[in-house]
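Participant: Dropping in protein23.cif, which is mmCIF, C-alpha atoms:
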```cif
data_structure
loop_
_atom_site.label_atom_id
_atom_site.label_comp_id
_atom_site.auth_asym_id
_atom_site.auth_seq_id
_atom_site.Cartn_x
_atom_site.Cartn_y
_atom_site.Cartn_z
CA MET A 1 62.49 101.30 89.71
CA SER A 2 64.27 104.45 88.77
CA THR A 3 63.59 107.33 86.50
CA THR A 4 65.73 107.40 83.43
CA ALA A 5 64.73 110.97 82.75
CA ALA A 6 67.83 112.97 83.55
CA PRO A 7 70.44 112.58 80.80
CA ALA A 8 74.05 113.68 81.17
CA PRO A 9 74.02 115.59 84.49
CA ALA A 10 77.44 117.20 84.35
CA PRO A 11 77.89 120.15 81.98
CA VAL A 12 79.67 118.06 79.40
CA THR A 13 81.17 119.91 76.51
CA ALA A 14 81.07 116.90 74.27
CA PRO A 15 80.71 117.75 70.59
CA ALA A 16 77.37 116.50 69.29
CA THR A 17 78.76 114.21 66.64
CA ALA A 18 76.44 112.62 64.12
CA SER A 19 77.32 109.07 65.18
CA ALA A 20 76.96 109.42 68.93
CA PRO A 21 77.62 106.06 70.61
CA PRO A 22 74.77 104.48 72.61
CA PRO A 23 74.60 105.77 76.20
CA LEU A 24 75.95 102.62 77.84
CA MET A 25 79.04 102.54 75.66
CA ASP A 26 79.43 106.24 76.15
CA ASP A 27 79.25 105.87 79.94
CA LEU A 28 82.02 103.33 79.71
CA LEU A 29 84.29 105.17 77.28
CA ARG A 30 83.83 108.66 78.64
CA GLY A 31 85.96 108.00 81.72
CA ILE A 32 88.83 106.44 79.80
CA LEU A 33 89.89 109.43 77.75
CA ARG A 34 87.48 112.30 77.21
CA GLU A 35 86.70 112.86 80.90
CA ASN A 36 89.68 111.04 82.32
CA PRO A 37 89.60 111.60 86.08
CA VAL A 38 93.30 112.45 86.39
CA VAL A 39 94.43 114.30 83.28
CA VAL A 40 91.16 116.06 82.46
CA GLN A 41 89.17 116.43 85.67
CA MET A 42 92.15 116.59 88.05
CA LEU A 43 90.40 114.48 90.66
CA GLY A 44 92.02 112.08 93.07
CA MET A 45 95.37 113.80 92.98
CA CYS A 46 96.77 112.51 96.25
CA PRO A 47 97.11 108.80 95.39
CA THR A 48 98.01 109.82 91.84
CA MET A 49 101.16 111.48 93.11
CA ALA A 50 101.94 109.45 96.15
CA VAL A 51 102.02 105.90 94.87
CA THR A 52 103.18 106.31 91.29
CA ASN A 53 106.91 106.03 91.80
CA ASN A 54 106.65 102.48 90.51
CA VAL A 55 104.32 100.66 88.15
CA ALA A 56 103.19 97.83 90.41
CA ASN A 57 102.02 100.17 93.16
CA ALA A 58 100.35 102.49 90.69
CA PHE A 59 98.45 99.65 89.05
CA ALA A 60 97.42 98.15 92.38
CA MET A 61 96.15 101.52 93.56
CA GLY A 62 94.21 101.93 90.30
CA MET A 63 92.60 98.53 90.64
CA ALA A 64 91.74 99.10 94.31
CA THR A 65 90.09 102.40 93.37
CA LEU A 66 88.22 100.70 90.53
CA PHE A 67 86.93 98.08 92.95
CA VAL A 68 85.76 100.66 95.48
CA LEU A 69 84.21 102.80 92.77
CA LEU A 70 82.35 99.84 91.31
CA GLY A 71 81.00 98.65 94.63
CA SER A 72 79.98 102.06 95.87
CA GLU A 73 78.40 103.25 92.62
CA PHE A 74 76.42 100.01 92.42
CA PHE A 75 75.01 100.38 95.91
CA VAL A 76 74.46 104.12 95.75
CA SER A 77 72.58 103.73 92.50
CA LEU A 78 70.58 100.80 93.87
CA LEU A 79 69.66 102.51 97.14
CA LYS A 80 69.44 106.11 95.97
CA LYS A 81 65.72 106.38 96.73
CA TRP A 82 66.23 105.70 100.41
CA PHE A 83 68.87 108.33 101.15
CA PRO A 84 67.42 111.46 102.82
CA THR A 85 68.83 114.47 100.98
CA GLU A 86 70.43 116.01 104.07
CA VAL A 87 72.58 113.03 104.96
CA ARG A 88 73.20 111.63 101.49
CA ILE A 89 76.88 112.61 101.47
CA ALA A 90 77.41 110.89 104.80
CA SER A 91 75.64 107.82 103.44
CA TYR A 92 77.87 107.76 100.35
CA ILE A 93 80.94 108.08 102.52
CA LEU A 94 79.83 105.19 104.70
CA ILE A 95 79.32 102.97 101.65
CA ILE A 96 82.68 104.03 100.23
CA ALA A 97 84.44 103.45 103.54
CA THR A 98 82.97 99.95 103.75
CA PHE A 99 84.38 99.05 100.35
CA VAL A 100 87.72 100.63 101.17
CA THR A 101 87.97 98.49 104.27
CA LEU A 102 87.16 95.45 102.12
CA ALA A 103 89.79 96.47 99.57
CA GLU A 104 92.37 96.93 102.30
CA LEU A 105 91.70 93.49 103.76
CA ILE A 106 91.72 91.86 100.32
CA LEU A 107 95.02 93.51 99.34
CA GLU A 108 96.57 92.51 102.64
CA ALA A 109 95.56 88.90 102.02
CA LEU A 110 96.53 88.68 98.34
CA VAL A 111 99.57 90.94 97.90
CA PRO A 112 101.02 91.77 101.33
CA ASP A 113 104.10 93.45 99.81
CA ILE A 114 102.06 95.96 97.85
CA HIS A 115 99.74 96.47 100.81
CA LYS A 116 102.79 97.41 102.84
CA ALA A 117 104.17 99.71 100.15
CA LEU A 118 100.89 101.56 99.69
CA GLY A 119 100.54 101.90 103.44
CA PRO A 120 98.10 104.55 104.59
CA PHE A 121 97.16 105.43 101.02
CA ILE A 122 94.78 102.48 100.75
CA ALA A 123 92.67 103.82 103.60
CA LEU A 124 92.96 107.25 102.00
CA ILE A 125 90.96 106.02 99.00
CA VAL A 126 87.98 107.12 101.11
CA ALA A 127 89.19 110.68 100.80
CA ASN A 128 89.61 110.46 97.03
CA CYS A 129 87.41 113.20 95.57
CA LEU A 130 86.79 111.06 92.51
CA LEU A 131 84.68 108.62 94.51
CA LEU A 132 82.40 111.11 96.18
CA GLY A 133 82.26 113.12 92.98
CA ARG A 134 80.99 110.21 90.91
CA GLN A 135 78.34 109.27 93.48
CA GLU A 136 77.00 112.79 93.58
CA ALA A 137 77.29 113.56 89.88
CA PHE A 138 76.34 110.21 88.43
CA ALA A 139 75.31 107.24 90.57
CA ALA A 140 72.75 109.22 92.57
CA ARG A 141 70.79 110.03 89.41
CA GLN A 142 71.31 107.14 87.03
CA PRO A 143 70.09 103.54 86.89
CA VAL A 144 72.28 100.75 88.17
CA LEU A 145 73.61 99.47 84.86
CA ARG A 146 74.72 102.88 83.66
CA SER A 147 76.39 103.56 87.03
CA VAL A 148 78.29 100.31 86.83
CA MET A 149 79.51 101.18 83.33
CA ASP A 150 80.49 104.62 84.54
CA ALA A 151 82.40 103.11 87.45
CA VAL A 152 84.31 100.75 85.16
CA GLY A 153 85.10 103.59 82.76
CA MET A 154 86.20 106.07 85.41
CA GLY A 155 88.11 103.42 87.34
CA GLY A 156 89.73 102.25 84.12
CA GLY A 157 90.72 105.78 83.16
CA PHE A 158 92.13 106.32 86.63
CA THR A 159 94.14 103.08 86.45
CA LEU A 160 95.36 104.01 82.98
CA SER A 161 96.64 107.43 84.06
CA LEU A 162 98.23 106.05 87.20
CA THR A 163 99.98 103.29 85.26
CA ALA A 164 101.22 105.79 82.69
CA LEU A 165 102.59 108.06 85.42
CA GLY A 166 104.11 105.08 87.22
CA SER A 167 105.75 103.86 84.01
CA ILE A 168 107.38 107.20 83.27
CA ARG A 169 108.54 107.67 86.83
CA GLU A 170 109.88 104.15 87.30
CA LEU A 171 111.58 104.13 83.91
CA LEU A 172 113.38 107.43 84.42
CA GLY A 173 113.77 107.34 88.18
CA ASN A 174 114.94 103.80 88.51
CA GLY A 175 115.68 102.52 85.00
CA THR A 176 113.24 99.63 85.38
CA TRP A 177 109.67 98.75 84.43
CA LEU A 178 107.71 96.47 86.75
CA GLY A 179 111.05 95.63 88.32
CA PHE A 180 112.72 94.51 85.06
CA ARG A 181 115.78 96.40 83.92
CA VAL A 182 114.91 98.29 80.74
CA MET A 183 117.38 101.12 80.44
CA PRO A 184 120.95 100.31 79.34
CA ALA A 185 123.35 99.45 82.12
CA HIS A 186 125.21 102.77 81.99
CA PHE A 187 121.98 104.75 82.39
CA GLU A 188 122.23 106.86 85.50
CA PRO A 189 118.76 106.90 87.13
CA TRP A 190 117.24 110.35 87.49
CA ILE A 191 116.37 110.13 91.17
CA PHE A 192 114.35 113.31 90.73
CA PHE A 193 111.51 111.36 89.11
CA ALA A 194 111.20 108.93 92.00
CA LEU A 195 111.02 111.77 94.55
CA PRO A 196 107.93 113.91 95.28
CA PRO A 197 108.89 116.81 92.94
CA GLY A 198 109.13 114.31 90.10
CA GLY A 199 105.53 113.32 90.67
CA PHE A 200 104.29 116.87 90.17
CA PHE A 201 106.60 117.34 87.20
CA THR A 202 105.59 114.13 85.43
CA LEU A 203 101.90 114.92 85.77
CA GLY A 204 102.65 118.41 84.47
CA LEU A 205 104.29 116.87 81.40
CA LEU A 206 101.34 114.52 80.90
CA LEU A 207 98.90 117.44 81.12
CA LEU A 208 100.98 119.38 78.62
CA ALA A 209 100.89 116.46 76.21
CA VAL A 210 97.13 116.10 76.57
CA ALA A 211 96.60 119.84 76.13
CA TYR A 212 98.83 119.82 73.04
CA VAL A 213 96.88 116.99 71.40
CA ARG A 214 93.55 118.64 72.20
CA ASP A 215 94.76 121.95 70.91
CA ARG A 216 95.85 120.42 67.61
CA ARG A 217 92.58 118.56 67.26
CA ALA A 218 90.62 121.76 67.88
CA ASP A 219 92.74 123.57 65.29
CA GLN A 220 92.14 120.83 62.78
CA ARG A 221 88.41 120.88 63.41
CA LEU A 222 88.41 124.63 62.98
CA ALA A 223 90.34 124.36 59.72
CA LEU A 224 87.95 121.66 58.56
CA ALA A 225 84.95 123.81 59.40
CA ARG A 226 86.39 126.69 57.40
CA THR A 227 86.94 124.76 54.20
CA MET B 1 109.75 119.15 124.97
CA GLY B 2 112.35 118.78 122.24
CA ASP B 3 110.28 115.90 120.99
CA LEU B 4 107.23 118.14 120.52
CA ALA B 5 109.25 120.83 118.76
CA TRP B 6 110.61 118.19 116.44
CA ILE B 7 107.12 116.87 115.65
CA ILE B 8 105.97 120.37 114.73
CA ILE B 9 109.02 121.21 112.61
CA SER B 10 108.89 117.82 110.95
CA SER B 11 105.25 118.04 109.93
CA LEU B 12 105.56 121.73 109.02
CA LEU B 13 108.67 121.62 106.84
CA VAL B 14 110.53 118.34 106.49
CA ASN B 15 107.49 116.19 105.81
CA ASN B 16 105.21 118.96 104.64
CA PHE B 17 101.78 117.37 104.18
CA THR B 18 101.11 118.85 100.79
CA LEU B 19 104.46 119.18 99.08
CA VAL B 20 106.29 116.13 100.32
CA MET B 21 103.60 113.66 101.39
CA PHE B 22 101.00 114.54 98.76
CA LEU B 23 98.08 115.01 101.09
CA GLY B 24 95.36 117.55 100.43
CA LEU B 25 96.22 118.19 96.83
CA CYS B 26 92.66 118.87 95.64
CA SER B 27 92.41 122.14 97.53
CA PHE B 28 96.08 122.83 96.81
CA PHE B 29 95.26 122.96 93.10
CA GLY B 30 91.67 124.11 93.41
CA VAL B 31 91.62 127.03 95.84
CA THR B 32 94.94 128.73 95.24
CA GLN B 33 93.92 131.45 92.81
CA GLN B 34 93.82 134.09 95.54
CA ILE B 35 96.17 134.52 98.46
CA GLY B 36 93.49 135.52 100.97
CA THR B 37 91.21 132.59 100.24
CA ALA B 38 94.11 130.16 100.30
CA LEU B 39 95.25 131.47 103.67
CA ARG B 40 91.78 131.21 105.17
CA LEU B 41 91.18 127.76 103.80
CA GLY B 42 94.51 126.73 105.29
CA LEU B 43 93.46 128.02 108.68
CA ALA B 44 90.05 126.31 108.43
CA ASN B 45 91.93 123.13 107.60
CA THR B 46 94.21 123.60 110.58
CA PHE B 47 91.19 123.92 112.82
CA VAL B 48 89.63 120.73 111.45
CA LEU B 49 93.00 118.98 111.75
CA VAL B 50 93.22 119.83 115.44
CA MET B 51 89.65 118.63 116.01
CA THR B 52 90.46 115.45 114.11
CA ALA B 53 93.59 114.81 116.15
CA VAL B 54 91.58 115.08 119.36
CA SER B 55 88.77 112.84 118.13
CA ALA B 56 91.14 110.29 116.61
CA TRP B 57 93.01 110.04 119.88
CA PHE B 58 89.73 109.59 121.72
CA LEU B 59 88.50 106.95 119.29
CA ASN B 60 91.76 105.03 119.43
CA LYS B 61 91.88 105.11 123.18
CA TYR B 62 88.31 104.26 124.09
CA VAL B 63 86.42 102.89 121.11
CA LEU B 64 88.53 101.16 118.50
CA GLY B 65 90.55 98.89 120.77
CA PRO B 66 88.57 95.72 120.10
CA ALA B 67 87.90 96.36 116.40
CA PRO B 68 90.87 98.03 114.66
CA PHE B 69 89.55 97.12 111.19
CA LEU B 70 86.72 99.61 111.67
CA ARG B 71 89.26 102.44 111.89
CA THR B 72 88.74 103.89 108.43
CA ILE B 73 84.95 103.96 108.78
CA ALA B 74 85.00 105.39 112.30
CA PHE B 75 87.51 108.10 111.40
CA ILE B 76 85.70 109.24 108.31
CA VAL B 77 82.36 109.48 110.10
CA VAL B 78 83.88 111.56 112.90
CA ILE B 79 85.68 113.79 110.39
CA ALA B 80 82.54 114.29 108.34
CA SER B 81 80.66 115.41 111.44
CA ALA B 82 83.47 117.74 112.49
CA VAL B 83 83.50 119.34 109.05
CA GLN B 84 79.74 119.71 109.16
CA ILE B 85 80.05 121.65 112.42
CA VAL B 86 82.78 123.89 111.03
CA GLU B 87 80.72 124.47 107.90
CA MET B 88 77.70 125.58 109.92
CA ALA B 89 79.86 127.86 112.05
CA VAL B 90 81.53 129.47 109.03
CA LYS B 91 78.19 129.90 107.28
CA LYS B 92 76.77 131.63 110.32
CA PHE B 93 79.70 133.87 111.28
CA TYR B 94 81.62 134.46 108.02
CA PRO B 95 79.10 134.30 105.15
CA VAL B 96 81.55 135.98 102.75
CA LEU B 97 84.24 133.41 103.40
CA PHE B 98 81.59 130.71 103.08
CA ARG B 99 80.79 131.86 99.57
CA GLN B 100 84.46 132.20 98.61
CA LEU B 101 85.35 128.69 99.72
CA GLY B 102 82.27 127.27 98.01
CA ILE B 103 82.47 123.58 97.30
CA TYR B 104 85.88 123.29 98.91
CA LEU B 105 84.54 123.71 102.42
CA PRO B 106 82.45 120.53 102.46
CA LEU B 107 85.28 118.95 100.50
CA ILE B 108 87.53 119.32 103.55
CA THR B 109 85.86 116.02 104.47
CA THR B 110 87.42 114.39 101.47
CA ASN B 111 90.70 116.19 102.01
CA CYS B 112 93.21 113.41 102.38
CA ALA B 113 95.21 115.51 104.79
CA ILE B 114 92.55 115.19 107.47
CA LEU B 115 92.13 111.43 107.27
CA GLY B 116 95.86 111.09 106.64
CA LEU B 117 96.59 112.88 109.89
CA ALA B 118 94.35 110.52 111.82
CA ILE B 119 95.99 107.48 110.23
CA PHE B 120 99.59 108.66 110.63
CA GLN B 121 98.90 109.67 114.21
CA THR B 122 97.62 106.17 114.93
CA ASN B 123 100.43 104.40 113.10
CA ARG B 124 103.09 106.37 114.93
CA GLY B 125 101.40 105.88 118.29
CA TYR B 126 101.36 109.55 119.26
CA ASP B 127 99.86 110.41 122.64
CA PHE B 128 97.40 113.25 123.13
CA VAL B 129 99.87 116.15 123.29
CA GLN B 130 102.05 114.78 120.51
CA GLY B 131 98.93 114.38 118.38
CA LEU B 132 98.01 118.01 118.97
CA ALA B 133 101.52 119.15 118.04
CA PHE B 134 101.37 117.00 114.92
CA ALA B 135 98.02 118.50 113.92
CA ILE B 136 99.19 122.08 114.46
CA GLY B 137 102.41 121.50 112.54
CA ALA B 138 100.60 119.78 109.70
CA GLY B 139 97.93 122.48 109.57
CA LEU B 140 100.47 125.28 109.46
CA GLY B 141 102.40 123.35 106.84
CA LEU B 142 99.26 123.10 104.71
CA THR B 143 98.58 126.78 105.18
CA LEU B 144 102.15 127.60 104.22
CA ALA B 145 101.98 125.48 101.08
CA LEU B 146 98.60 126.90 100.04
CA THR B 147 99.71 130.48 100.59
CA LEU B 148 103.03 130.02 98.77
CA MET B 149 101.26 128.42 95.86
CA ALA B 150 98.66 131.17 95.68
CA SER B 151 101.34 133.87 95.81
CA ILE B 152 103.15 132.35 92.86
CA ARG B 153 99.98 131.65 90.89
CA VAL B 154 98.88 135.27 91.20
CA ARG B 155 102.09 136.21 89.42
CA THR B 156 101.68 133.71 86.61
CA GLU B 157 98.48 135.55 85.69
CA LEU B 158 100.65 138.44 84.53
CA THR B 159 103.28 136.47 82.68
CA GLU B 160 103.31 134.92 79.24
CA VAL B 161 102.66 131.28 79.87
CA PRO B 162 102.30 129.12 76.74
CA ARG B 163 98.67 128.59 75.87
CA ILE B 164 98.66 124.83 76.31
CA ALA B 165 100.21 125.13 79.78
CA ARG B 166 97.65 127.70 80.80
CA PRO B 167 95.12 126.10 83.05
CA MET B 168 96.95 123.45 85.04
CA ALA B 169 100.25 122.25 83.62
CA ILE B 170 102.11 125.37 84.74
CA VAL B 171 100.67 124.96 88.24
CA LEU B 172 102.08 121.46 88.44
CA VAL B 173 105.50 122.65 87.35
CA ILE B 174 105.35 125.34 90.04
CA ALA B 175 104.33 122.70 92.56
CA SER B 176 107.29 120.63 91.45
CA CYS B 177 109.67 123.52 92.10
CA LEU B 178 108.11 124.23 95.50
CA SER B 179 108.35 120.58 96.37
CA MET B 180 111.99 120.56 95.36
CA ALA B 181 112.61 123.52 97.62
CA PHE B 182 111.00 121.70 100.51
CA MET B 183 113.15 118.63 99.84
CA GLY B 184 115.98 120.86 100.99
CA PHE B 185 114.61 120.73 104.52
CA ALA B 186 115.31 117.01 104.60
CA GLY B 187 118.74 117.95 105.88
CA LEU B 188 117.14 119.07 109.15
CA GLY B 189 117.16 115.48 110.32
CA THR B 190 115.69 112.07 109.79
CA SER B 191 111.97 111.65 110.16
#
```
Output the file's structure in the form of structure tokens.
Facilitator:
Amino acid sequence: MSTTAAPAPAPVTAPATASAPPPLMDDLLRGILRENPVVVQMLGMCPTMAVTNNVANAFAMGMATLFVLLGSEFFVSLLKKWFPTEVRIASYILIIATFVTLAELILEALVPDIHKALGPFIALIVANCLLLGRQEAFAARQPVLRSVMDAVGMGGGFTLSLTALGSIRELLGNGTWLGFRVMPAHFEPWIFFALPPGGFFTLGLLLLAVAYVRDRRADQRLALART
Amino acid sequence: MGDLAWIIISSLLVNNFTLVMFLGLCSFFGVTQQIGTALRLGLANTFVLVMTAVSAWFLNKYVLGPAPFLRTIAFIVVIASAVQIVEMAVKKFYPVLFRQLGIYLPLITTNCAILGLAIFQTNRGYDFVQGLAFAIGAGLGLTLALTLMASIRVRTELTEVPRIARPMAIVLVIASCLSMAFMGFAGLGTS
């Protein structure tokens, strides 16, 4: 029902390796590391900062976003032919908002404590640029299966980054991980990491680490190319 | 009256939308390369915030009473329309600004600050005038944060920042320092 003509829509700077994985696998894996929404694309910053002062909240937010992304990419990809171009963004937002409302009701029913802790940030998933960005850049042009894989990959990458941030912040800011005491008893928690400035700082550190690894890899590739 | 002043000060400094509550970070990182653009985007945001506060109050009062679970959907639709109107107005009257803001103008729709304002306003049960004060304070707070960030970022262009920190990491560290500075306002009172 759909044209599979357009390949990778975004200007991806992926190196054309000899053993390129099949497109479906690539759709799935791309979001996890290479085009990770948080540390590479810098999308969806607000929940990334706001809810990552402990692991449970960060993971729940990641999963909620994954759910919304999956549902909305599926429907946008399925219905893409029927959206008039002028109001397509509004249509995407309506679909996203529907799934966010679902996610909010589900979280409230299953884990009321986390629902309370996340507060307004569940409803704010609607305003996460990642969601609208993926609809426009991917789901609106690709067949359903590929969109679903993309949603799982991007959502997974988002969850991964959020959990990593949450782990660092909870470990240093509170001395615990998922509520269990990890740091030795005489460890004085660095409150800084649990507060808003700590969020910015931790993400800065994470970005530095990612940039360092990429830099070294690029150097190695360059050295390899020279020999 | 003191109540209104407090709402403005609180949303402007103590609970600054961007630096303390983490709302509207996309434009905070995306459009702060130049001071002028940042300032104007902040003001455009303020305008949309005020429109949102009015419409959210209206929706809460007359429409959403019987079906509160439709809040998110109703808010986002109203906000999207408001942004569309602002976009058309800016395109018509300030074409230069329109080009400078680029993708970030339609993205005001997906600026968490806007939807966040509507949600916080509802949760705290603000009336019409309080909502307006909240929107103005929040908008000015956003503008302040954007402008401060842009002013510092302009200077980092001229300094020797390590290569790996170049595109974004340094910006996050700056944001962290700014945020720490704003934590100092917490002494103004309890929110």
Participant: Give me, as JSON lines, each residue of chain B that comes within 8 Å of chain A, together with its shortest interatomic pair and the distance in Å at one decimal, counting only C-alpha atoms, with rows ordered by chain and rising residue number.
Facilitator:
```
{"residue": "B:Leu19", "atom": "CA", "partner": "A:Pro196", "partner_atom": "CA", "distance": 7.4}
{"residue": "B:Val20", "atom": "CA", "partner": "A:Pro196", "partner_atom": "CA", "distance": 5.7}
{"residue": "B:Met21", "atom": "CA", "partner": "A:Ala50", "partner_atom": "CA", "distance": 6.9}
{"residue": "B:Phe22", "atom": "CA", "partner": "A:Cys46", "partner_atom": "CA", "distance": 5.3}
{"residue": "B:Leu23", "atom": "CA", "partner": "A:Cys46", "partner_atom": "CA", "distance": 5.6}
{"residue": "B:Gly24", "atom": "CA", "partner": "A:Cys46", "partner_atom": "CA", "distance": 6.7}
{"residue": "B:Leu25", "atom": "CA", "partner": "A:Cys46", "partner_atom": "CA", "distance": 5.7}
{"residue": "B:Cys26", "atom": "CA", "partner": "A:Met45", "partner_atom": "CA", "distance": 6.3}
{"residue": "B:Phe69", "atom": "CA", "partner": "A:Thr101", "partner_atom": "CA", "distance": 7.2}
{"residue": "B:Leu70", "atom": "CA", "partner": "A:Thr101", "partner_atom": "CA", "distance": 7.6}
{"residue": "B:Thr72", "atom": "CA", "partner": "A:Ala123", "partner_atom": "CA", "distance": 6.2}
{"residue": "B:Ile73", "atom": "CA", "partner": "A:Ala97", "partner_atom": "CA", "distance": 5.3}
{"residue": "B:Ile76", "atom": "CA", "partner": "A:Ile93", "partner_atom": "CA", "distance": 7.6}
{"residue": "B:Val77", "atom": "CA", "partner": "A:Leu94", "partner_atom": "CA", "distance": 7.3}
{"residue": "B:Ala80", "atom": "CA", "partner": "A:Ala90", "partner_atom": "CA", "distance": 7.1}
{"residue": "B:Leu107", "atom": "CA", "partner": "A:Cys129", "partner_atom": "CA", "distance": 7.9}
{"residue": "B:Thr109", "atom": "CA", "partner": "A:Ala127", "partner_atom": "CA", "distance": 7.3}
{"residue": "B:Thr110", "atom": "CA", "partner": "A:Ala127", "partner_atom": "CA", "distance": 4.2}
{"residue": "B:Asn111", "atom": "CA", "partner": "A:Ala127", "partner_atom": "CA", "distance": 5.8}
{"residue": "B:Cys112", "atom": "CA", "partner": "A:Ala127", "partner_atom": "CA", "distance": 5.1}
{"residue": "B:Leu115", "atom": "CA", "partner": "A:Leu124", "partner_atom": "CA", "distance": 6.8}
{"residue": "B:Gly116", "atom": "CA", "partner": "A:Leu124", "partner_atom": "CA", "distance": 6.7}
{"residue": "B:Ile119", "atom": "CA", "partner": "A:Pro120", "partner_atom": "CA", "distance": 6.7}
{"residue": "B:Phe120", "atom": "CA", "partner": "A:Pro120", "partner_atom": "CA", "distance": 7.5}
{"residue": "B:Ile164", "atom": "CA", "partner": "A:Ala211", "partner_atom": "CA", "distance": 5.4}
{"residue": "B:Ala165", "atom": "CA", "partner": "A:Leu208", "partner_atom": "CA", "distance": 5.9}
{"residue": "B:Met168", "atom": "CA", "partner": "A:Leu207", "partner_atom": "CA", "distance": 7.4}
{"residue": "B:Ala169", "atom": "CA", "partner": "A:Gly204", "partner_atom": "CA", "distance": 4.6}
{"residue": "B:Ile170", "atom": "CA", "partner": "A:Gly204", "partner_atom": "CA", "distance": 7.0}
{"residue": "B:Val171", "atom": "CA", "partner": "A:Gly204", "partner_atom": "CA", "distance": 7.8}
{"residue": "B:Leu172", "atom": "CA", "partner": "A:Gly204", "partner_atom": "CA", "distance": 5.0}
{"residue": "B:Val173", "atom": "CA", "partner": "A:Phe201", "partner_atom": "CA", "distance": 5.4}
{"residue": "B:Ala175", "atom": "CA", "partner": "A:Phe200", "partner_atom": "CA", "distance": 6.3}
{"residue": "B:Ser176", "atom": "CA", "partner": "A:Pro197", "partner_atom": "CA", "distance": 4.4}
{"residue": "B:Cys177", "atom": "CA", "partner": "A:Pro197", "partner_atom": "CA", "distance": 6.8}
{"residue": "B:Leu178", "atom": "CA", "partner": "A:Pro197", "partner_atom": "CA", "distance": 7.9}
{"residue": "B:Ser179", "atom": "CA", "partner": "A:Pro197", "partner_atom": "CA", "distance": 5.1}
{"residue": "B:Met180", "atom": "CA", "partner": "A:Pro197", "partner_atom": "CA", "distance": 5.4}
```
Participant: Using Å and a single decimal, report how far CA of Phe47 (chain B) sits from CA of Phe93 (chain B).
Facilitator: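 So the two atoms, CA of Phe93 (chain B) and CA of Phe47 (chain B), lie 15.3 Å apart.
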Participant: Quick one: which residues end up in the PyMOL selection byres ((chain B and resi 46) around 8) for this structure, as number ranges by chain?
Facilitator: B: 42-45, 47-50, 135-136, 138-140, 142-143
Participant: Can you tell me, as a PyMOL selection string, what residues are no more than 12 Å from Ile9 (chain B) when counting all atoms listed in the file, ignoring any on the same chain fewer than 4 positions away?
Facilitator: chain B and resi 2-5+13-17+133-141+185-186+188-191
Participant: Report as an MDAnalysis selection string the full result of the PyMOL selection byres ((chain A and resi 21-37) around 6) when it is applied to this structure.
Facilitator: chainID A and resid 20 38:43 146 149:150 153:154 157:158
Participant: Kindly give the distance, in Å, that separates CA of Ile152 (chain B) and CA of Ala113 (chain B), rounded to a single decimal.
Facilitator: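 Computed distance, CA of Ile152 (chain B) to CA of Ala113 (chain B), equals 22.1 Å.
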Participant: Quick one: distance from CA of Ile191 (chain A) to CA of Asn57 (chain A) in Å, one decimal?
Facilitator: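 Interatomic distance here is 17.6 Å.
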Participant: Hey, can you pull every residue with an atom no more than 9 Å from (95.8, 102.9, 121.3), using all atoms listed in the file, and send it as a PyMOL selection string?
Facilitator: chain B and resi 57+59-62+64-65+122+125-127
Participant: Of the candidates B:Leu132, B:Val161, B:Leu117, B:Leu97, which shows the shortest atom-to-atom distance to Ala38 (chain B), using all atoms listed in the file?
Facilitator: B:Leu97
Participant: Met63 (chain A): which residues within 7 Å, counting only C-alpha atoms, same-chain residues fewer than 4 positions away excluded, as a PDB file with C-alpha atoms, keeping the file's coordinate frame?
Facilitator:
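Below you can see result-v1.pdb, which holds the result:
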```pdb
ATOM      1  CA  PHE A  59      98.450  99.650  89.050  1.00  0.00           C
ATOM      2  CA  PHE A  67      86.930  98.080  92.950  1.00  0.00           C
ATOM      3  CA  THR A 159      94.140 103.080  86.450  1.00  0.00           C
TER       4      THR A 159
END
```
Participant: Using only C-alpha atoms, list the residues that have an atom at most 10 Å from (73.7, 99.6, 85.8), coordinates as in the file, as a count of residues only.
Facilitator: 16
Participant: I'd like the residues picked by the PyMOL selection byres ((chain B and resi 82-85) around 7) written out as a ChimeraX atom specification, using the chain letters and numbers from the file.
Facilitator: /B:48,78-81,86-89,106,108-109
Participant: So which one's closest to Ala58 (chain A), A:Gly71, A:Gly166, A:Gly179, A:Pro189? Using only C-alpha atoms, please.
Facilitator: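 Among the listed residues, A:Gly166 lies closest to Ala58 (chain A).
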